[in-house]
Amino acid sequence: MRRKMAAGNWKMNGSVAGLDMISALASAHSDSGCDIVICPPAHLLMSAAKRAGTGPVAVGAQDCHASDKGAHTGDIAAPMIAETGAAYVITGHSERRETYGETDAAVRDKSAAAQGCGLVPIVCIGESLEQREAGEALPVIRAQLENSVPEGSTGATLVVAYEPIWAIGTGKIPTLDQIAEVHTALRADLVARFGPEGDKIRLLYGGSVKPGNAADIFGTKDVDGALVGGASLTADDFSPIIAALTAS
């Protein structure tokens with residue numbers, strides 16, 4: 001049985017004062033039965049990890065470099081992230097792929113670097129609206145999965161997040177049948193590649209997940225949780241999503 005996960009991507013939002021929500025979530029979901037992860041901006045990682053302590057809320061970064069050190073101004077290496085007390089790192093988010101031109105190979109290298117120092121990468125994949133409307137969604141997503149995920153990944157060292165680009169922050173989401181179709185295909189590919197471990201790798205859905213639609217999404221086959229954007233910025237919004245996941 002795969003353990004469920006609710007991960008929040010704060011993107012370029014948040015403050016030290018906003019970290020109070022970690023205590024609120026820990027109190028409200030001390031025995032939720034699912035993993036709760038907050039991914040704040042890099043300057044908050046150490047403070048967030050200290051707030052989280054050994055409680056039910058874990059901390060993750062939003063990106064890492066593939067190298068462990070070097071002349072890479074403005075970047076942060078996976079070992080540096082691990083030193084903050086974080087346990088996860090998001091790799092391959094569509095905003096990184098589009099804005100910075102990150103390729104599948106770059107995402108794979110970053111993810112491998114994360115795994116190499118004990119971090120668990122949350123590898124993001126997803127299609128554009130144009131690709132969806134052209135009937136290319138599944139081939140695009142499956143190619144991203146194949147080329148972005150490091151060899152030797154296991155259920156303990158990898159999380160995959162399907163985020164259709166056109167649903168991120170737009171309020172639009174695929175139909176439940178469309179989500180199920182993608183997650184079923186991803187599961188089949190993971191099992192074909194990694195054998196029994198492929199069935200242990202968690203598949204999250206991301207893209208305009210909110211308290212009002214969370215229960216339906218979490219009731220969909222092979223959806224093991226969510227990577228949540230804007231609705232993860234406050235405990236009032238994120239907590240009902242965690243509760244819906246716990247109840248699913």
# chains A, B, ... in the order shown; residues from 1 in each chain; ligands from 1
$ residues_around --residues "Tyr88 in chain A" --least-positions-apart "4" --cutoff "10 Å" --atoms "only C-alpha atoms" --output "list in words"
Ala7, Val37, Ile38, Cys39, Ala58, Val59, Gly60, Ala61, Gln62, Asp63, Ala78, Ile81, Ala82, Ala114, Gln115, Gly118, Leu119, Val120, Pro121, Ile122, Thr157, Leu158 and Val159 of chain A
$ write_last_selection --atoms "N, CA and C atoms" --output "CSV table (one decimal), in the first residue's frame"
chain,number,residue,atom,x,y,z
A,7,ALA,N,1.7,17.5,-0.9
A,7,ALA,CA,2.9,18.4,-1.0
A,7,ALA,C,2.5,19.8,-1.4
A,37,VAL,N,4.1,17.7,3.1
A,37,VAL,CA,5.4,18.3,2.7
A,37,VAL,C,5.1,19.8,2.3
A,38,ILE,N,5.9,20.7,2.9
A,38,ILE,CA,5.9,22.1,2.5
A,38,ILE,C,7.2,22.4,1.8
A,39,CYS,N,7.0,23.0,0.6
A,39,CYS,CA,8.2,23.4,-0.2
A,39,CYS,C,8.3,24.9,-0.4
A,58,ALA,N,7.0,17.5,6.7
A,58,ALA,CA,8.4,17.5,6.2
A,58,ALA,C,8.6,18.8,5.3
A,59,VAL,N,9.8,19.0,5.0
A,59,VAL,CA,10.2,20.2,4.2
A,59,VAL,C,10.9,19.8,2.9
A,60,GLY,N,10.6,20.5,1.8
A,60,GLY,CA,11.3,20.3,0.6
A,60,GLY,C,11.7,21.6,-0.1
A,61,ALA,N,12.6,21.5,-1.0
A,61,ALA,CA,13.0,22.6,-1.8
A,61,ALA,C,12.3,22.6,-3.1
A,62,GLN,N,12.4,23.7,-3.9
A,62,GLN,CA,11.7,23.8,-5.2
A,62,GLN,C,12.6,23.6,-6.4
A,63,ASP,N,13.9,23.4,-6.2
A,63,ASP,CA,14.8,23.1,-7.3
A,63,ASP,C,16.2,22.8,-6.7
A,78,ALA,N,22.1,20.1,-4.2
A,78,ALA,CA,21.3,19.2,-3.4
A,78,ALA,C,21.9,18.9,-2.0
A,81,ILE,N,20.9,21.7,0.3
A,81,ILE,CA,19.5,21.5,0.7
A,81,ILE,C,19.4,20.5,1.8
A,82,ALA,N,20.1,19.4,1.7
A,82,ALA,CA,20.0,18.4,2.7
A,82,ALA,C,20.5,18.9,4.0
A,114,ALA,N,19.8,14.7,-6.3
A,114,ALA,CA,19.0,14.8,-5.1
A,114,ALA,C,19.0,13.4,-4.4
A,115,GLN,N,18.8,12.4,-5.2
A,115,GLN,CA,18.8,11.0,-4.6
A,115,GLN,C,20.2,10.7,-4.1
A,118,GLY,N,20.4,11.7,-0.5
A,118,GLY,CA,19.4,11.3,0.5
A,118,GLY,C,18.1,12.1,0.3
A,119,LEU,N,18.0,13.0,-0.6
A,119,LEU,CA,16.7,13.7,-0.8
A,119,LEU,C,15.8,12.9,-1.8
A,120,VAL,N,14.5,13.1,-1.6
A,120,VAL,CA,13.6,12.5,-2.5
A,120,VAL,C,13.1,13.5,-3.6
A,121,PRO,N,13.4,13.3,-4.8
A,121,PRO,CA,12.9,14.3,-5.8
A,121,PRO,C,11.4,14.0,-6.1
A,122,ILE,N,10.7,15.1,-6.3
A,122,ILE,CA,9.3,15.1,-6.7
A,122,ILE,C,9.4,15.5,-8.2
A,157,THR,N,12.7,6.4,-3.1
A,157,THR,CA,13.6,7.5,-3.5
A,157,THR,C,13.0,8.4,-4.6
A,158,LEU,N,11.7,8.2,-5.0
A,158,LEU,CA,11.1,8.9,-6.0
A,158,LEU,C,9.6,9.2,-5.8
A,159,VAL,N,9.2,10.4,-6.1
A,159,VAL,CA,7.8,10.7,-6.2
A,159,VAL,C,7.6,11.3,-7.6
$ closest_atom_pairs --of "range 132-192 of chain A" --to "range 212-220 of chain A" --cutoff "8 Å" --atoms "only C-alpha atoms" --output "tab-separated table"
residue	atom	partner	partner_atom	distance
A:Leu176	CA	A:Ile217	CA	6.7
A:Ile179	CA	A:Thr220	CA	7.6
A:Ala180	CA	A:Thr220	CA	6.1
$ residues_around --residues "Glu98 in chain A" --least-positions-apart "2" --cutoff "12 Å" --atoms "only C-alpha atoms" --output "ChimeraX atom specification"
/A:92-96,100-104,125-128,165
$ write_last_selection --atoms "N, CA and C atoms" --output "PDB file, in the first residue's frame"
ATOM      1  N   GLY A  92      11.934  19.592 -12.248  1.00  0.00           N
ATOM      2  CA  GLY A  92      11.219  19.531 -13.517  1.00  0.00           C
ATOM      3  C   GLY A  92       9.867  20.208 -13.545  1.00  0.00           C
ATOM      4  N   HIS A  93       9.601  21.117 -12.606  1.00  0.00           N
ATOM      5  CA  HIS A  93       8.316  21.818 -12.667  1.00  0.00           C
ATOM      6  C   HIS A  93       8.196  22.536 -14.005  1.00  0.00           C
ATOM      7  N   SER A  94       7.000  22.606 -14.542  1.00  0.00           N
ATOM      8  CA  SER A  94       6.807  23.195 -15.876  1.00  0.00           C
ATOM      9  C   SER A  94       7.296  24.638 -15.932  1.00  0.00           C
ATOM     10  N   GLU A  95       7.222  25.355 -14.808  1.00  0.00           N
ATOM     11  CA  GLU A  95       7.702  26.736 -14.799  1.00  0.00           C
ATOM     12  C   GLU A  95       9.215  26.791 -14.965  1.00  0.00           C
ATOM     13  N   ARG A  96       9.920  25.778 -14.458  1.00  0.00           N
ATOM     14  CA  ARG A  96      11.356  25.684 -14.677  1.00  0.00           C
ATOM     15  C   ARG A  96      11.653  25.231 -16.111  1.00  0.00           C
ATOM     16  N   TYR A 100      13.253  28.422 -17.930  1.00  0.00           N
ATOM     17  CA  TYR A 100      14.697  28.235 -17.963  1.00  0.00           C
ATOM     18  C   TYR A 100      15.149  27.197 -18.986  1.00  0.00           C
ATOM     19  N   GLY A 101      14.214  26.690 -19.757  1.00  0.00           N
ATOM     20  CA  GLY A 101      14.558  25.749 -20.816  1.00  0.00           C
ATOM     21  C   GLY A 101      15.106  24.431 -20.322  1.00  0.00           C
ATOM     22  N   GLU A 102      14.675  23.982 -19.149  1.00  0.00           N
ATOM     23  CA  GLU A 102      15.181  22.721 -18.612  1.00  0.00           C
ATOM     24  C   GLU A 102      14.684  21.541 -19.443  1.00  0.00           C
ATOM     25  N   THR A 103      15.594  20.709 -19.840  1.00  0.00           N
ATOM     26  CA  THR A 103      15.272  19.521 -20.633  1.00  0.00           C
ATOM     27  C   THR A 103      15.012  18.336 -19.713  1.00  0.00           C
ATOM     28  N   ASP A 104      14.482  17.273 -20.290  1.00  0.00           N
ATOM     29  CA  ASP A 104      14.301  16.037 -19.526  1.00  0.00           C
ATOM     30  C   ASP A 104      15.637  15.560 -18.958  1.00  0.00           C
ATOM     31  N   ILE A 125       5.900  16.250 -14.400  1.00  0.00           N
ATOM     32  CA  ILE A 125       5.714  16.063 -15.839  1.00  0.00           C
ATOM     33  C   ILE A 125       4.316  16.552 -16.197  1.00  0.00           C
ATOM     34  N   GLY A 126       4.125  16.936 -17.451  1.00  0.00           N
ATOM     35  CA  GLY A 126       2.797  17.405 -17.850  1.00  0.00           C
ATOM     36  C   GLY A 126       2.799  18.014 -19.232  1.00  0.00           C
ATOM     37  N   GLU A 127       1.642  18.025 -19.850  1.00  0.00           N
ATOM     38  CA  GLU A 127       1.494  18.488 -21.226  1.00  0.00           C
ATOM     39  C   GLU A 127       0.905  19.895 -21.285  1.00  0.00           C
ATOM     40  N   SER A 128       1.149  20.577 -22.399  1.00  0.00           N
ATOM     41  CA  SER A 128       0.543  21.885 -22.647  1.00  0.00           C
ATOM     42  C   SER A 128      -0.877  21.699 -23.176  1.00  0.00           C
ATOM     43  N   ILE A 165       0.118  21.420 -17.704  1.00  0.00           N
ATOM     44  CA  ILE A 165       0.548  22.817 -17.653  1.00  0.00           C
ATOM     45  C   ILE A 165      -0.640  23.767 -17.706  1.00  0.00           C
TER      46      ILE A 165
END
$ residues_around --residues "Val191 in chain A" --least-positions-apart "3" --cutoff "12 Å" --atoms "only C-alpha atoms" --output "MDAnalysis selection string"
chainID A and resid 146 153:155 184:188 194:202
$ write_last_selection --atoms "N, CA and C atoms" --output "mmCIF file, in the first residue's frame"
data_model
loop_
_atom_site.group_PDB
_atom_site.id
_atom_site.type_symbol
_atom_site.label_atom_id
_atom_site.label_comp_id
_atom_site.auth_asym_id
_atom_site.auth_seq_id
_atom_site.Cartn_x
_atom_site.Cartn_y
_atom_site.Cartn_z
ATOM 1 N N GLU A 146 9.938 8.781 -18.949
ATOM 2 C CA GLU A 146 11.057 7.911 -19.295
ATOM 3 C C GLU A 146 12.388 8.636 -19.183
ATOM 4 N N SER A 153 15.549 4.123 -9.574
ATOM 5 C CA SER A 153 14.614 4.757 -8.645
ATOM 6 C C SER A 153 13.715 3.713 -8.005
ATOM 7 N N THR A 154 13.296 3.991 -6.787
ATOM 8 C CA THR A 154 12.421 3.079 -6.044
ATOM 9 C C THR A 154 11.288 3.864 -5.408
ATOM 10 N N GLY A 155 10.395 3.153 -4.761
ATOM 11 C CA GLY A 155 9.302 3.810 -4.067
ATOM 12 C C GLY A 155 9.776 4.687 -2.931
ATOM 13 N N THR A 184 -2.939 5.899 -14.920
ATOM 14 C CA THR A 184 -2.883 4.475 -15.253
ATOM 15 C C THR A 184 -1.725 4.190 -16.201
ATOM 16 N N ALA A 185 -1.543 5.063 -17.196
ATOM 17 C CA ALA A 185 -0.434 4.892 -18.143
ATOM 18 C C ALA A 185 0.912 5.050 -17.443
ATOM 19 N N LEU A 186 1.019 6.031 -16.555
ATOM 20 C CA LEU A 186 2.276 6.241 -15.836
ATOM 21 C C LEU A 186 2.605 5.042 -14.945
ATOM 22 N N ARG A 187 1.577 4.532 -14.271
ATOM 23 C CA ARG A 187 1.800 3.357 -13.409
ATOM 24 C C ARG A 187 2.309 2.175 -14.237
ATOM 25 N N ALA A 188 1.685 1.951 -15.377
ATOM 26 C CA ALA A 188 2.100 0.833 -16.226
ATOM 27 C C ALA A 188 3.556 0.997 -16.670
ATOM 28 N N PHE A 194 10.609 -0.566 -13.676
ATOM 29 C CA PHE A 194 11.222 -0.825 -12.373
ATOM 30 C C PHE A 194 10.691 -2.084 -11.687
ATOM 31 N N GLY A 195 9.806 -2.811 -12.336
ATOM 32 C CA GLY A 195 9.275 -4.021 -11.735
ATOM 33 C C GLY A 195 8.413 -3.708 -10.520
ATOM 34 N N PRO A 196 8.443 -4.544 -9.491
ATOM 35 C CA PRO A 196 7.603 -4.329 -8.307
ATOM 36 C C PRO A 196 7.802 -2.960 -7.666
ATOM 37 N N GLU A 197 9.016 -2.400 -7.761
ATOM 38 C CA GLU A 197 9.243 -1.065 -7.187
ATOM 39 C C GLU A 197 8.418 0.002 -7.897
ATOM 40 N N GLY A 198 8.114 -0.236 -9.168
ATOM 41 C CA GLY A 198 7.318 0.726 -9.913
ATOM 42 C C GLY A 198 5.921 0.893 -9.359
ATOM 43 N N ASP A 199 5.437 -0.147 -8.684
ATOM 44 C CA ASP A 199 4.110 -0.066 -8.077
ATOM 45 C C ASP A 199 4.150 0.640 -6.735
ATOM 46 N N LYS A 200 5.348 0.889 -6.216
ATOM 47 C CA LYS A 200 5.494 1.559 -4.927
ATOM 48 C C LYS A 200 5.748 3.057 -5.065
ATOM 49 N N ILE A 201 6.063 3.506 -6.278
ATOM 50 C CA ILE A 201 6.350 4.925 -6.512
ATOM 51 C C ILE A 201 5.050 5.718 -6.511
ATOM 52 N N ARG A 202 4.999 6.750 -5.708
ATOM 53 C CA ARG A 202 3.764 7.525 -5.574
ATOM 54 C C ARG A 202 3.556 8.469 -6.753
#
$ select_by_dssp --residues "range 145-219 of chain A" --states "alpha helix (DSSP H)" --output "MDAnalysis selection string"
chainID A and resid 145:148 176:194 214:218
$ write_last_selection --atoms "C-alpha atoms" --output "CSV table (one decimal), in the first residue's frame"
chain,number,residue,atom,x,y,z
A,145,LEU,CA,8.6,10.2,-17.5
A,146,GLU,CA,11.1,7.9,-19.3
A,147,ASN,CA,13.7,10.6,-19.8
A,148,SER,CA,13.3,12.6,-16.5
A,176,LEU,CA,-11.5,12.7,-13.7
A,177,ASP,CA,-11.4,10.2,-16.6
A,178,GLN,CA,-8.5,12.1,-18.1
A,179,ILE,CA,-6.6,12.1,-14.8
A,180,ALA,CA,-7.2,8.4,-14.5
A,181,GLU,CA,-6.0,7.7,-18.0
A,182,VAL,CA,-2.7,9.5,-17.4
A,183,HIS,CA,-2.1,8.0,-14.0
A,184,THR,CA,-2.9,4.5,-15.3
A,185,ALA,CA,-0.4,4.9,-18.1
A,186,LEU,CA,2.3,6.2,-15.8
A,187,ARG,CA,1.8,3.4,-13.4
A,188,ALA,CA,2.1,0.8,-16.2
A,189,ASP,CA,5.3,2.5,-17.5
A,190,LEU,CA,6.8,2.6,-14.0
A,191,VAL,CA,6.1,-1.1,-13.4
A,192,ALA,CA,7.4,-2.0,-16.8
A,193,ARG,CA,10.7,-0.2,-16.1
A,194,PHE,CA,11.2,-0.8,-12.4
A,214,ALA,CA,-9.8,17.4,-3.7
A,215,ALA,CA,-12.1,14.5,-2.6
A,216,ASP,CA,-13.1,13.7,-6.2
A,217,ILE,CA,-9.5,13.8,-7.4
A,218,PHE,CA,-8.2,11.6,-4.6
$ atom_distance --atom1 "CA of Gln144 in chain A" --atom2 "CA of Lys110 in chain A"
14.2 Å
$ residues_around --residues "Ser23 in chain A" --least-positions-apart "6" --cutoff "10 Å" --atoms "only C-alpha atoms" --output "MDAnalysis selection string"
chainID A and resid 29 51:52 55:57 235
$ select_by_dssp --residues "range 110-157 of chain A" --states "strand (DSSP E or B)" --output "PyMOL selection string"
chain A and resi 120-125
$ closest_residue --among "A:Arg2, A:Ile242, A:Gly225, A:Gly230" --to "Ala156 in chain A" --atoms "only C-alpha atoms"
A:Arg2
$ decode --residues "range 17-34 of chain A" --atoms "N, CA and C atoms" --output "compact mmCIF listing (two decimals), in the first residue's frame"
# COMPACT_ATOMS: atom_id res chain seq x y z
N ALA A 17 7.11 34.68 8.93
CA ALA A 17 5.87 34.69 9.70
C ALA A 17 4.90 33.63 9.20
N GLY A 18 4.91 33.37 7.90
CA GLY A 18 4.00 32.39 7.32
C GLY A 18 4.31 30.96 7.71
N LEU A 19 5.51 30.73 8.28
CA LEU A 19 5.87 29.38 8.69
C LEU A 19 5.09 28.90 9.91
N ASP A 20 4.33 29.80 10.52
CA ASP A 20 3.47 29.39 11.63
C ASP A 20 2.49 28.31 11.21
N MET A 21 2.18 28.25 9.92
CA MET A 21 1.22 27.25 9.45
C MET A 21 1.75 25.83 9.64
N ILE A 22 3.07 25.67 9.74
CA ILE A 22 3.62 24.34 9.98
C ILE A 22 3.12 23.79 11.30
N SER A 23 3.13 24.62 12.33
CA SER A 23 2.62 24.19 13.63
C SER A 23 1.13 23.91 13.57
N ALA A 24 0.41 24.74 12.82
CA ALA A 24 -1.04 24.55 12.69
C ALA A 24 -1.35 23.22 12.00
N LEU A 25 -0.61 22.91 10.94
CA LEU A 25 -0.83 21.65 10.23
C LEU A 25 -0.43 20.45 11.09
N ALA A 26 0.68 20.60 11.81
CA ALA A 26 1.14 19.51 12.66
C ALA A 26 0.12 19.20 13.75
N SER A 27 -0.51 20.24 14.28
CA SER A 27 -1.52 20.04 15.31
C SER A 27 -2.79 19.42 14.76
N ALA A 28 -3.20 19.88 13.58
CA ALA A 28 -4.46 19.41 12.99
C ALA A 28 -4.34 18.02 12.39
N HIS A 29 -3.14 17.63 11.98
CA HIS A 29 -2.96 16.36 11.26
C HIS A 29 -1.84 15.52 11.87
N SER A 30 -1.82 15.45 13.18
CA SER A 30 -0.76 14.71 13.87
C SER A 30 -0.81 13.22 13.59
N ASP A 31 -1.97 12.71 13.20
CA ASP A 31 -2.12 11.28 12.91
C ASP A 31 -2.92 11.10 11.63
N SER A 32 -2.49 11.80 10.58
CA SER A 32 -3.28 11.84 9.35
C SER A 32 -3.13 10.58 8.51
N GLY A 33 -2.03 9.86 8.69
CA GLY A 33 -1.80 8.68 7.86
C GLY A 33 -1.26 9.00 6.49
N CYS A 34 -0.92 10.27 6.24
CA CYS A 34 -0.32 10.64 4.96
C CYS A 34 0.88 11.55 5.22
